[in-house]
Amino acid sequence: MPSISSTIIDLPRLKIKDSELQDDRILIHMEPDLRFKPRCSYCESKARPNRNHTREIRDLSCFQHKVHIKFAYREVICHQCGIVIEKLNFVTPYARVTTRMAEAVGVMCKYMNLSEVAKYFDLDWKTVREIDKYYIETHLEKLPLDNIRVIGMDEVACKKGHQYFTVIYDLERNQLLRIVEGRTENAVSQFFEEMGDHCKKIMAVAVDMWQPYTNVVKKYCPWARIVYDKFHIISNYHKIIDKVRRREFSQASSDGKKLLKGSKYLLLKNKDNLKESGKDKLEAILEHNKQLNVVNTLKEQL
Ligand SMILES: [Zn+2]
């Protein structure tokens with residue numbers, strides 16, 4: 001019958017050697033429980049022990065004490081994979097905390113920012129970031145793609161724009177469906193390949209104005225309407241307004257230039273959010289400049 005302490009600690013395949021209290025932490029020394037034959041961490045088949053290594057990881061705190069587990073684990077020889085580490089369910093290879101602690105950290109990260117979580121658990125924030133990343137990846141449920149009707153696709157830039165991901169949503173249920181690495185036609189095609197024949201039942205796809213997205217949607221979802229999302233249309237239209245404004249400024253007389261000074265903000269902002277003085281100035285600009293009046297009217301219609 002297992003002792004109470006090992007039942008409580010519940011780290012399978014290990015047994016307690018001894019434990020000590022050091023200031024605010026409990027350090028528990030553990031070693032392989034030789035009743036269990038080690039298994040390969042890759043293929044999970046039985047493997048022959050080669051030698052022991054030691055590692056220290058954090059576990060969930062006990063009362064006011066932080067708990068550290070220092071444990072010996074076995075390097076093993078697997079007949080298929082060669083020399084590897086034995087499989088232990090309570091920790092993922094190279095993680096600095098137990099799986100159950102990673103789970104707790106991951107849940108907290110849903111509600112608090114990384115530095116707050118790091119402070120709460122007294123962990124390095126980089127460790128918290130790693131755990132959070134792992135938690136998100138392993139808990140992203142792969143939702144089935146066979147009952148989707150309306151999709152949204154958008155790009156996300158990482159590493160200061162050197163790397164892109166495409167996020168794909170079910171816009172009717174507001175659920176994240178997949179994250180695809182890259183924003184090329186090839187990268188995004190993977191998603192539609194996975195969806196298979198159901199592609200033909202997609203009614204609409206909202207995309208930004210990135211051409212590869214449009215190309216892929218046309219190829220896989222021939223019946224779907226392509227909807228350009230409002231934010232990107234408006235942002236592109238703002239560029240047009242600004243181009244016209246600069247051209248008009250360069251061609252204006254000195255009085256005209258005086259009038260157009262500071263007009264960028266007035267032309268781009270929503271009219272309802274302008275102060276009375278701003279509204280008056282905008283009226284004067286539109287009254288004197290036909291081109292800007294046209295682009296402004298079109299903007300209001302948009
Ligand atoms: Zn193996």
# chains A, B, ... in the order shown; residues from 1 in each chain; ligands from 1
>>> residues_around(residues="A:Arg178", least_positions_apart="3", cutoff="12 Å", atoms="only C-alpha atoms", output="compact mmCIF listing (two decimals) with N, CA, C and O atoms, in the first residue's frame")
# COMPACT_ATOMS: atom_id res chain seq x y z
N GLU A 137 -1.19 26.30 -27.35
CA GLU A 137 -1.03 25.34 -28.46
C GLU A 137 -1.71 24.01 -28.17
O GLU A 137 -2.37 23.43 -29.02
N LEU A 140 -5.74 24.38 -27.93
CA LEU A 140 -6.52 24.88 -29.07
C LEU A 140 -7.24 23.68 -29.69
O LEU A 140 -6.64 22.84 -30.36
N GLU A 141 -8.51 23.65 -29.39
CA GLU A 141 -9.32 22.53 -29.84
C GLU A 141 -9.48 22.62 -31.35
O GLU A 141 -9.80 23.68 -31.88
N LYS A 142 -9.23 21.51 -32.04
CA LYS A 142 -9.41 21.53 -33.49
C LYS A 142 -10.87 21.30 -33.81
O LYS A 142 -11.37 20.16 -33.80
N LEU A 143 -11.57 22.39 -34.05
CA LEU A 143 -13.01 22.28 -34.30
C LEU A 143 -13.26 21.66 -35.67
O LEU A 143 -12.49 21.87 -36.60
N PRO A 144 -14.33 20.88 -35.80
CA PRO A 144 -14.63 20.29 -37.11
C PRO A 144 -14.96 21.38 -38.13
O PRO A 144 -15.47 22.45 -37.78
N LEU A 145 -14.66 21.10 -39.39
CA LEU A 145 -14.84 22.13 -40.42
C LEU A 145 -16.04 21.82 -41.33
O LEU A 145 -16.21 22.46 -42.36
N ILE A 151 -16.63 32.37 -43.21
CA ILE A 151 -15.25 32.34 -42.68
C ILE A 151 -14.64 33.74 -42.69
O ILE A 151 -14.93 34.54 -43.60
N GLY A 152 -13.81 34.02 -41.72
CA GLY A 152 -13.02 35.26 -41.74
C GLY A 152 -11.55 34.89 -41.72
O GLY A 152 -11.15 33.96 -41.01
N MET A 153 -10.74 35.57 -42.52
CA MET A 153 -9.30 35.29 -42.53
C MET A 153 -8.54 36.59 -42.32
O MET A 153 -8.88 37.60 -42.93
N ASP A 154 -7.54 36.52 -41.48
CA ASP A 154 -6.75 37.74 -41.27
C ASP A 154 -5.30 37.36 -40.99
O ASP A 154 -5.02 36.26 -40.52
N PHE A 165 1.34 34.86 -39.61
CA PHE A 165 0.41 33.76 -39.42
C PHE A 165 -0.93 34.19 -39.99
O PHE A 165 -1.24 35.38 -40.03
N THR A 166 -1.72 33.23 -40.42
CA THR A 166 -3.07 33.54 -40.85
C THR A 166 -4.02 32.93 -39.84
O THR A 166 -3.92 31.74 -39.54
N VAL A 167 -4.90 33.76 -39.30
CA VAL A 167 -5.89 33.22 -38.36
C VAL A 167 -7.22 33.11 -39.09
O VAL A 167 -7.59 34.00 -39.86
N ILE A 168 -7.89 31.99 -38.89
CA ILE A 168 -9.12 31.72 -39.62
C ILE A 168 -10.25 31.48 -38.61
O ILE A 168 -10.12 30.67 -37.69
N TYR A 169 -11.33 32.24 -38.78
CA TYR A 169 -12.44 32.19 -37.83
C TYR A 169 -13.73 31.68 -38.47
O TYR A 169 -13.93 31.84 -39.68
N ASP A 170 -14.58 31.11 -37.64
CA ASP A 170 -15.97 30.87 -38.02
C ASP A 170 -16.71 32.14 -37.59
O ASP A 170 -16.87 32.40 -36.39
N GLN A 175 -15.74 31.75 -33.48
CA GLN A 175 -14.77 30.81 -32.93
C GLN A 175 -13.53 30.76 -33.80
O GLN A 175 -13.63 30.81 -35.03
N GLU A 181 0.60 28.83 -40.36
CA GLU A 181 1.87 29.54 -40.43
C GLU A 181 2.04 30.09 -41.83
O GLU A 181 1.96 29.36 -42.82
N ALA A 187 0.34 28.30 -48.04
CA ALA A 187 0.07 28.14 -46.61
C ALA A 187 -1.44 28.06 -46.35
O ALA A 187 -1.91 27.17 -45.64
N VAL A 188 -2.20 28.97 -46.96
CA VAL A 188 -3.63 29.04 -46.68
C VAL A 188 -4.38 27.88 -47.35
O VAL A 188 -5.42 27.44 -46.86
N GLN A 190 -3.65 24.86 -47.30
CA GLN A 190 -3.71 23.72 -46.36
C GLN A 190 -5.06 23.65 -45.65
O GLN A 190 -5.64 22.58 -45.47
N PHE A 191 -5.54 24.84 -45.24
CA PHE A 191 -6.81 24.89 -44.52
C PHE A 191 -7.95 24.38 -45.40
O PHE A 191 -8.77 23.56 -44.97
N PHE A 192 -7.99 24.86 -46.65
CA PHE A 192 -9.09 24.46 -47.53
C PHE A 192 -8.96 23.00 -47.97
O PHE A 192 -9.95 22.32 -48.18
N GLU A 194 -7.84 20.70 -45.99
CA GLU A 194 -8.36 19.98 -44.83
C GLU A 194 -9.90 19.98 -44.85
O GLU A 194 -10.54 19.00 -44.49
N MET A 195 -10.46 21.09 -45.29
CA MET A 195 -11.92 21.21 -45.32
C MET A 195 -12.54 20.32 -46.42
O MET A 195 -13.67 19.86 -46.31
>>> residues_around(residues="A:Arg58", least_positions_apart="6", cutoff="9 Å", atoms="only C-alpha atoms", output="VMD selection string")
chain A and resid 66 to 70 96 to 98 101
>>> residues_near_ligand(ligand="ligand 1", cutoff="9 Å", atoms="only C-alpha atoms and all ligand atoms", output="ChimeraX atom specification")
/A:39-47,77-84
>>> closest_residue(among="A:Ser6, A:Thr184, A:Gln211, A:Thr99", to="A:Asp59", atoms="only C-alpha atoms")
A:Thr99
>>> atom_distance(atom1="atom CA of A:Tyr237", atom2="atom CA of A:Lys275")
22.9 Å
>>> select_by_dssp(residues="stretch 86-281 of chain A", states="helix (DSSP H, G or I)", output="PyMOL selection string")
chain A and resi 99-109+114-121+125-139+185-201+211-220+230-251+254-260+263-268+271-273+276-281
>>> write_last_selection(atoms="C-alpha atoms", output="mmCIF file, in the first residue's frame")
data_model
loop_
_atom_site.group_PDB
_atom_site.id
_atom_site.type_symbol
_atom_site.label_atom_id
_atom_site.label_comp_id
_atom_site.auth_asym_id
_atom_site.auth_seq_id
_atom_site.Cartn_x
_atom_site.Cartn_y
_atom_site.Cartn_z
ATOM 1 C CA THR A 99 2.452 19.411 -15.846
ATOM 2 C CA ARG A 100 -0.120 20.232 -13.164
ATOM 3 C CA MET A 101 1.656 23.486 -12.320
ATOM 4 C CA ALA A 102 1.853 24.380 -16.030
ATOM 5 C CA GLU A 103 -1.890 23.765 -16.213
ATOM 6 C CA ALA A 104 -2.503 26.177 -13.297
ATOM 7 C CA VAL A 105 -0.221 28.828 -14.840
ATOM 8 C CA GLY A 106 -1.933 28.443 -18.234
ATOM 9 C CA VAL A 107 -5.383 28.938 -16.720
ATOM 10 C CA MET A 108 -4.239 32.041 -14.789
ATOM 11 C CA CYS A 109 -2.773 33.521 -17.992
ATOM 12 C CA LEU A 114 2.228 37.462 -17.774
ATOM 13 C CA SER A 115 4.065 39.577 -15.194
ATOM 14 C CA GLU A 116 1.174 39.321 -12.705
ATOM 15 C CA VAL A 117 1.099 35.541 -13.103
ATOM 16 C CA ALA A 118 4.889 35.386 -12.744
ATOM 17 C CA LYS A 119 4.669 37.376 -9.509
ATOM 18 C CA TYR A 120 1.840 35.235 -8.131
ATOM 19 C CA PHE A 121 3.716 31.961 -8.687
ATOM 20 C CA TRP A 125 8.154 35.752 -16.609
ATOM 21 C CA LYS A 126 9.946 34.074 -19.518
ATOM 22 C CA THR A 127 9.060 30.700 -18.001
ATOM 23 C CA VAL A 128 5.450 31.887 -17.712
ATOM 24 C CA ARG A 129 5.499 32.986 -21.345
ATOM 25 C CA GLU A 130 6.787 29.556 -22.444
ATOM 26 C CA ILE A 131 4.135 27.777 -20.385
ATOM 27 C CA ASP A 132 1.385 30.052 -21.731
ATOM 28 C CA LYS A 133 2.493 29.397 -25.297
ATOM 29 C CA TYR A 134 2.502 25.644 -24.705
ATOM 30 C CA TYR A 135 -0.900 25.843 -22.996
ATOM 31 C CA ILE A 136 -2.485 27.743 -25.885
ATOM 32 C CA GLU A 137 -1.026 25.340 -28.456
ATOM 33 C CA THR A 138 -2.102 22.194 -26.617
ATOM 34 C CA HIS A 139 -5.566 23.480 -25.696
ATOM 35 C CA GLU A 185 -1.389 30.863 -51.207
ATOM 36 C CA ASN A 186 0.343 27.593 -50.347
ATOM 37 C CA ALA A 187 0.066 28.142 -46.606
ATOM 38 C CA VAL A 188 -3.631 29.039 -46.685
ATOM 39 C CA SER A 189 -4.467 26.241 -49.146
ATOM 40 C CA GLN A 190 -3.714 23.721 -46.362
ATOM 41 C CA PHE A 191 -6.813 24.893 -44.521
ATOM 42 C CA PHE A 192 -9.094 24.463 -47.535
ATOM 43 C CA GLU A 193 -7.492 21.097 -48.362
ATOM 44 C CA GLU A 194 -8.364 19.981 -44.832
ATOM 45 C CA MET A 195 -11.925 21.208 -45.321
ATOM 46 C CA GLY A 196 -12.234 19.148 -48.515
ATOM 47 C CA ASP A 197 -15.555 19.054 -50.369
ATOM 48 C CA HIS A 198 -17.244 21.221 -47.776
ATOM 49 C CA CYS A 199 -15.434 24.226 -49.362
ATOM 50 C CA LYS A 200 -18.181 24.325 -51.974
ATOM 51 C CA LYS A 201 -20.779 24.998 -49.263
ATOM 52 C CA GLN A 211 -4.305 39.167 -52.964
ATOM 53 C CA PRO A 212 -3.157 35.578 -52.132
ATOM 54 C CA TYR A 213 -6.192 35.186 -49.817
ATOM 55 C CA THR A 214 -8.574 36.251 -52.594
ATOM 56 C CA ASN A 215 -6.877 33.871 -55.062
ATOM 57 C CA VAL A 216 -7.158 30.887 -52.732
ATOM 58 C CA VAL A 217 -10.793 31.588 -51.859
ATOM 59 C CA LYS A 218 -11.714 31.875 -55.558
ATOM 60 C CA LYS A 219 -9.972 28.570 -56.245
ATOM 61 C CA TYR A 220 -11.446 26.485 -53.409
ATOM 62 C CA LYS A 230 -14.522 47.324 -43.499
ATOM 63 C CA PHE A 231 -11.407 48.225 -41.562
ATOM 64 C CA HIS A 232 -9.108 47.497 -44.493
ATOM 65 C CA ILE A 233 -11.347 49.257 -47.004
ATOM 66 C CA ILE A 234 -11.490 52.386 -44.858
ATOM 67 C CA SER A 235 -7.788 52.292 -44.196
ATOM 68 C CA ASN A 236 -7.100 52.045 -47.937
ATOM 69 C CA TYR A 237 -9.543 54.851 -48.638
ATOM 70 C CA HIS A 238 -7.750 57.038 -46.105
ATOM 71 C CA LYS A 239 -4.606 56.594 -48.208
ATOM 72 C CA ILE A 240 -6.486 57.843 -51.262
ATOM 73 C CA ILE A 241 -7.814 60.888 -49.411
ATOM 74 C CA ASP A 242 -4.329 61.727 -48.241
ATOM 75 C CA LYS A 243 -2.886 61.343 -51.730
ATOM 76 C CA VAL A 244 -5.494 63.745 -53.143
ATOM 77 C CA ARG A 245 -4.908 66.186 -50.282
ATOM 78 C CA ARG A 246 -1.153 66.261 -50.926
ATOM 79 C CA ARG A 247 -1.647 66.776 -54.648
ATOM 80 C CA GLU A 248 -4.127 69.604 -54.055
ATOM 81 C CA PHE A 249 -1.762 71.212 -51.545
ATOM 82 C CA SER A 250 1.143 71.200 -53.999
ATOM 83 C CA GLN A 251 -0.995 72.800 -56.711
ATOM 84 C CA SER A 254 -0.537 80.565 -51.196
ATOM 85 C CA ASP A 255 -4.018 81.351 -49.810
ATOM 86 C CA GLY A 256 -5.121 77.833 -50.738
ATOM 87 C CA LYS A 257 -2.069 76.355 -48.958
ATOM 88 C CA LYS A 258 -2.933 78.367 -45.854
ATOM 89 C CA LEU A 259 -6.452 76.957 -45.913
ATOM 90 C CA LEU A 260 -5.250 73.379 -46.427
ATOM 91 C CA SER A 263 -6.488 69.515 -43.169
ATOM 92 C CA LYS A 264 -5.246 65.895 -42.994
ATOM 93 C CA TYR A 265 -6.745 65.306 -39.572
ATOM 94 C CA LEU A 266 -10.008 67.048 -40.509
ATOM 95 C CA LEU A 267 -10.450 64.962 -43.659
ATOM 96 C CA LEU A 268 -9.646 61.604 -42.069
ATOM 97 C CA LYS A 271 -17.140 64.461 -38.967
ATOM 98 C CA ASP A 272 -19.293 63.829 -35.884
ATOM 99 C CA ASN A 273 -16.174 63.692 -33.697
ATOM 100 C CA GLU A 276 -17.288 73.157 -33.945
ATOM 101 C CA SER A 277 -14.146 75.032 -35.060
ATOM 102 C CA GLY A 278 -12.935 71.901 -36.880
ATOM 103 C CA LYS A 279 -16.305 71.469 -38.583
ATOM 104 C CA ASP A 280 -16.210 75.103 -39.747
ATOM 105 C CA LYS A 281 -12.708 74.743 -41.131
#
>>> select_by_dssp(residues="stretch 49-209 of chain A", states="strand (DSSP E)", output="tab-separated table (two decimals) with N, CA, C and O atoms, in the first residue's frame")
chain	number	residue	atom	x	y	z
A	49	PRO	N	17.20	0.58	-18.98
A	49	PRO	CA	17.85	1.72	-18.33
A	49	PRO	C	19.32	1.81	-18.70
A	49	PRO	O	19.99	0.78	-18.81
A	50	ASN	N	19.82	2.99	-18.93
A	50	ASN	CA	21.22	3.18	-19.25
A	50	ASN	C	21.94	3.84	-18.07
A	50	ASN	O	22.79	3.25	-17.42
A	51	ARG	N	21.52	5.08	-17.75
A	51	ARG	CA	22.10	5.73	-16.57
A	51	ARG	C	21.11	6.77	-16.05
A	51	ARG	O	20.15	7.12	-16.75
A	52	ASN	N	21.38	7.31	-14.87
A	52	ASN	CA	20.46	8.29	-14.27
A	52	ASN	C	20.94	9.72	-14.46
A	52	ASN	O	22.14	9.99	-14.50
A	53	HIS	N	19.96	10.63	-14.59
A	53	HIS	CA	20.24	12.06	-14.57
A	53	HIS	C	19.43	12.67	-13.44
A	53	HIS	O	18.48	12.06	-12.95
A	54	THR	N	19.78	13.92	-13.08
A	54	THR	CA	19.00	14.58	-12.02
A	54	THR	C	18.47	15.91	-12.54
A	54	THR	O	19.15	16.59	-13.32
A	55	ARG	N	17.30	16.25	-12.09
A	55	ARG	CA	16.68	17.49	-12.53
A	55	ARG	C	15.86	18.07	-11.39
A	55	ARG	O	15.34	17.33	-10.57
A	56	GLU	N	15.73	19.44	-11.38
A	56	GLU	CA	14.89	20.04	-10.34
A	56	GLU	C	13.80	20.86	-11.02
A	56	GLU	O	14.09	21.66	-11.91
A	57	ILE	N	12.58	20.65	-10.59
A	57	ILE	CA	11.46	21.41	-11.18
A	57	ILE	C	10.55	21.95	-10.09
A	57	ILE	O	10.60	21.48	-8.95
A	58	ARG	N	9.75	22.94	-10.46
A	58	ARG	CA	8.79	23.49	-9.49
A	58	ARG	C	7.49	22.71	-9.57
A	58	ARG	O	7.08	22.27	-10.63
A	59	ASP	N	6.83	22.60	-8.42
A	59	ASP	CA	5.50	22.00	-8.40
A	59	ASP	C	4.56	22.98	-7.70
A	59	ASP	O	5.00	24.03	-7.19
A	60	LEU	N	3.30	22.64	-7.65
A	60	LEU	CA	2.33	23.52	-6.98
A	60	LEU	C	2.74	23.73	-5.53
A	60	LEU	O	3.23	22.80	-4.87
A	61	SER	N	2.49	24.94	-5.02
A	61	SER	CA	2.89	25.25	-3.65
A	61	SER	C	2.04	24.49	-2.64
A	61	SER	O	0.92	24.09	-2.94
A	62	CYS	N	2.62	24.29	-1.46
A	62	CYS	CA	1.90	23.61	-0.39
A	62	CYS	C	1.83	24.57	0.79
A	62	CYS	O	2.87	24.97	1.33
A	65	HIS	N	4.48	27.32	1.46
A	65	HIS	CA	5.79	26.92	0.95
A	65	HIS	C	5.78	26.63	-0.55
A	65	HIS	O	4.88	25.98	-1.05
A	66	LYS	N	6.82	27.10	-1.22
A	66	LYS	CA	7.02	26.70	-2.61
A	66	LYS	C	7.54	25.26	-2.59
A	66	LYS	O	8.29	24.91	-1.69
A	67	VAL	N	7.13	24.48	-3.56
A	67	VAL	CA	7.57	23.08	-3.57
A	67	VAL	C	8.49	22.85	-4.77
A	67	VAL	O	8.16	23.22	-5.90
A	68	HIS	N	9.67	22.31	-4.49
A	68	HIS	CA	10.61	21.94	-5.56
A	68	HIS	C	10.79	20.43	-5.52
A	68	HIS	O	10.91	19.85	-4.43
A	69	ILE	N	10.81	19.82	-6.68
A	69	ILE	CA	11.03	18.38	-6.75
A	69	ILE	C	12.40	18.16	-7.41
A	69	ILE	O	12.62	18.62	-8.53
A	70	LYS	N	13.27	17.51	-6.71
A	70	LYS	CA	14.56	17.14	-7.31
A	70	LYS	C	14.49	15.64	-7.56
A	70	LYS	O	14.30	14.87	-6.60
A	71	PHE	N	14.54	15.25	-8.81
A	71	PHE	CA	14.33	13.83	-9.07
A	71	PHE	C	15.36	13.24	-10.03
A	71	PHE	O	15.88	13.92	-10.91
A	72	ALA	N	15.62	11.97	-9.78
A	72	ALA	CA	16.50	11.23	-10.70
A	72	ALA	C	15.61	10.58	-11.74
A	72	ALA	O	14.54	10.07	-11.42
A	73	TYR	N	16.00	10.70	-12.97
A	73	TYR	CA	15.24	10.03	-14.03
A	73	TYR	C	16.22	9.30	-14.93
A	73	TYR	O	17.42	9.58	-14.93
A	74	ARG	N	15.67	8.36	-15.68
A	74	ARG	CA	16.56	7.46	-16.40
A	74	ARG	C	16.72	7.78	-17.89
A	74	ARG	O	15.74	8.08	-18.57
A	75	GLU	N	17.96	7.73	-18.29
A	75	GLU	CA	18.24	7.72	-19.71
A	75	GLU	C	18.08	6.25	-20.11
A	75	GLU	O	18.55	5.38	-19.36
A	76	VAL	N	17.40	5.98	-21.21
A	76	VAL	CA	17.14	4.57	-21.55
A	76	VAL	C	17.56	4.26	-22.99
A	76	VAL	O	17.73	5.17	-23.80
A	77	ILE	N	17.70	2.98	-23.25
A	77	ILE	CA	18.02	2.56	-24.62
A	77	ILE	C	16.77	1.90	-25.19
A	77	ILE	O	16.30	0.88	-24.69
A	78	CYS	N	16.21	2.54	-26.21
A	78	CYS	CA	15.02	2.02	-26.85
A	78	CYS	C	15.47	1.29	-28.12
A	78	CYS	O	16.31	1.81	-28.85
A	82	GLY	N	16.79	4.47	-29.99
A	82	GLY	CA	18.15	4.68	-29.53
A	82	GLY	C	18.17	5.18	-28.09
A	82	GLY	O	17.29	4.87	-27.29
A	83	ILE	N	19.18	6.05	-27.76
A	83	ILE	CA	19.29	6.55	-26.39
A	83	ILE	C	18.37	7.75	-26.22
A	83	ILE	O	18.51	8.76	-26.91
A	84	VAL	N	17.41	7.59	-25.34
A	84	VAL	CA	16.42	8.66	-25.09
A	84	VAL	C	16.17	8.77	-23.59
A	84	VAL	O	16.79	8.07	-22.80
A	85	ILE	N	15.24	9.66	-23.25
A	85	ILE	CA	14.86	9.84	-21.84
A	85	ILE	C	13.59	9.02	-21.58
A	85	ILE	O	12.75	8.90	-22.45
A	150	VAL	N	-19.63	30.70	-42.93
A	150	VAL	CA	-19.01	32.00	-43.16
A	150	VAL	C	-17.65	32.05	-42.45
A	150	VAL	O	-17.56	31.79	-41.25
A	151	ILE	N	-16.63	32.37	-43.21
A	151	ILE	CA	-15.25	32.34	-42.68
A	151	ILE	C	-14.64	33.74	-42.69
A	151	ILE	O	-14.93	34.54	-43.60
A	152	GLY	N	-13.81	34.02	-41.72
A	152	GLY	CA	-13.02	35.26	-41.74
A	152	GLY	C	-11.55	34.89	-41.72
A	152	GLY	O	-11.15	33.96	-41.01
A	153	MET	N	-10.74	35.57	-42.52
A	153	MET	CA	-9.30	35.29	-42.53
A	153	MET	C	-8.54	36.59	-42.32
A	153	MET	O	-8.88	37.60	-42.93
A	154	ASP	N	-7.54	36.52	-41.48
A	154	ASP	CA	-6.75	37.74	-41.27
A	154	ASP	C	-5.30	37.36	-40.99
A	154	ASP	O	-5.02	36.26	-40.52
A	155	GLU	N	-4.40	38.28	-41.27
A	155	GLU	CA	-2.99	37.99	-41.03
A	155	GLU	C	-2.55	38.62	-39.72
A	155	GLU	O	-3.06	39.66	-39.30
A	156	VAL	N	-1.60	37.95	-39.06
A	156	VAL	CA	-1.02	38.48	-37.84
A	156	VAL	C	0.49	38.48	-38.04
A	156	VAL	O	1.06	37.46	-38.45
A	157	ALA	N	1.12	39.62	-37.76
A	157	ALA	CA	2.58	39.70	-37.93
A	157	ALA	C	3.27	39.40	-36.61
A	157	ALA	O	2.84	39.84	-35.56
A	158	CYS	N	4.33	38.59	-36.68
A	158	CYS	CA	5.12	38.29	-35.49
A	158	CYS	C	6.56	38.69	-35.76
A	158	CYS	O	6.93	38.87	-36.91
A	163	GLN	N	7.66	37.45	-39.72
A	163	GLN	CA	6.95	36.19	-39.84
A	163	GLN	C	5.45	36.46	-39.73
A	163	GLN	O	5.03	37.30	-38.95
A	164	TYR	N	4.67	35.76	-40.56
A	164	TYR	CA	3.23	35.98	-40.55
A	164	TYR	C	2.47	34.70	-40.26
A	164	TYR	O	2.91	33.62	-40.62
A	165	PHE	N	1.34	34.86	-39.61
A	165	PHE	CA	0.41	33.76	-39.42
A	165	PHE	C	-0.93	34.19	-39.99
A	165	PHE	O	-1.24	35.38	-40.03
A	166	THR	N	-1.72	33.23	-40.42
A	166	THR	CA	-3.07	33.54	-40.85
A	166	THR	C	-4.02	32.93	-39.84
A	166	THR	O	-3.92	31.74	-39.54
A	167	VAL	N	-4.90	33.76	-39.30
A	167	VAL	CA	-5.89	33.22	-38.36
A	167	VAL	C	-7.22	33.11	-39.09
A	167	VAL	O	-7.59	34.00	-39.86
A	168	ILE	N	-7.89	31.99	-38.89
A	168	ILE	CA	-9.12	31.72	-39.62
A	168	ILE	C	-10.25	31.48	-38.61
A	168	ILE	O	-10.12	30.67	-37.69
A	169	TYR	N	-11.33	32.24	-38.78
A	169	TYR	CA	-12.44	32.19	-37.83
A	169	TYR	C	-13.73	31.68	-38.47
A	169	TYR	O	-13.93	31.84	-39.68
A	170	ASP	N	-14.58	31.11	-37.64
A	170	ASP	CA	-15.97	30.87	-38.02
A	170	ASP	C	-16.71	32.14	-37.59
A	170	ASP	O	-16.87	32.40	-36.39
A	175	GLN	N	-15.74	31.75	-33.48
A	175	GLN	CA	-14.77	30.81	-32.93
A	175	GLN	C	-13.53	30.76	-33.80
A	175	GLN	O	-13.63	30.81	-35.03
A	176	LEU	N	-12.40	30.64	-33.13
A	176	LEU	CA	-11.15	30.48	-33.86
A	176	LEU	C	-11.09	29.05	-34.39
A	176	LEU	O	-11.24	28.09	-33.63
A	177	LEU	N	-10.86	28.89	-35.69
A	177	LEU	CA	-10.83	27.54	-36.28
A	177	LEU	C	-9.41	27.01	-36.38
A	177	LEU	O	-9.11	25.92	-35.94
A	178	ARG	N	-8.54	27.78	-36.99
A	178	ARG	CA	-7.17	27.32	-37.19
A	178	ARG	C	-6.22	28.52	-37.21
A	178	ARG	O	-6.63	29.63	-37.57
A	179	ILE	N	-4.95	28.25	-36.90
A	179	ILE	CA	-3.90	29.24	-37.12
A	179	ILE	C	-2.92	28.60	-38.10
A	179	ILE	O	-2.42	27.50	-37.85
A	180	VAL	N	-2.68	29.25	-39.20
A	180	VAL	CA	-1.81	28.68	-40.24
A	180	VAL	C	-0.53	29.49	-40.28
A	180	VAL	O	-0.57	30.73	-40.23
A	181	GLU	N	0.60	28.83	-40.36
A	181	GLU	CA	1.87	29.54	-40.43
A	181	GLU	C	2.04	30.09	-41.83
A	181	GLU	O	1.96	29.36	-42.82
A	204	ALA	N	-19.70	32.70	-47.68
A	204	ALA	CA	-18.98	33.97	-47.74
A	204	ALA	C	-17.66	33.88	-47.00
A	204	ALA	O	-17.54	33.13	-46.01
A	205	VAL	N	-16.67	34.61	-47.47
A	205	VAL	CA	-15.37	34.68	-46.79
A	205	VAL	C	-14.97	36.15	-46.68
A	205	VAL	O	-14.92	36.87	-47.69
A	206	ALA	N	-14.72	36.57	-45.45
A	206	ALA	CA	-14.26	37.95	-45.24
A	206	ALA	C	-12.74	37.94	-45.18
A	206	ALA	O	-12.15	37.16	-44.42
A	207	VAL	N	-12.11	38.73	-46.02
A	207	VAL	CA	-10.64	38.77	-46.05
A	207	VAL	C	-10.18	40.22	-46.04
A	207	VAL	O	-10.95	41.13	-46.34
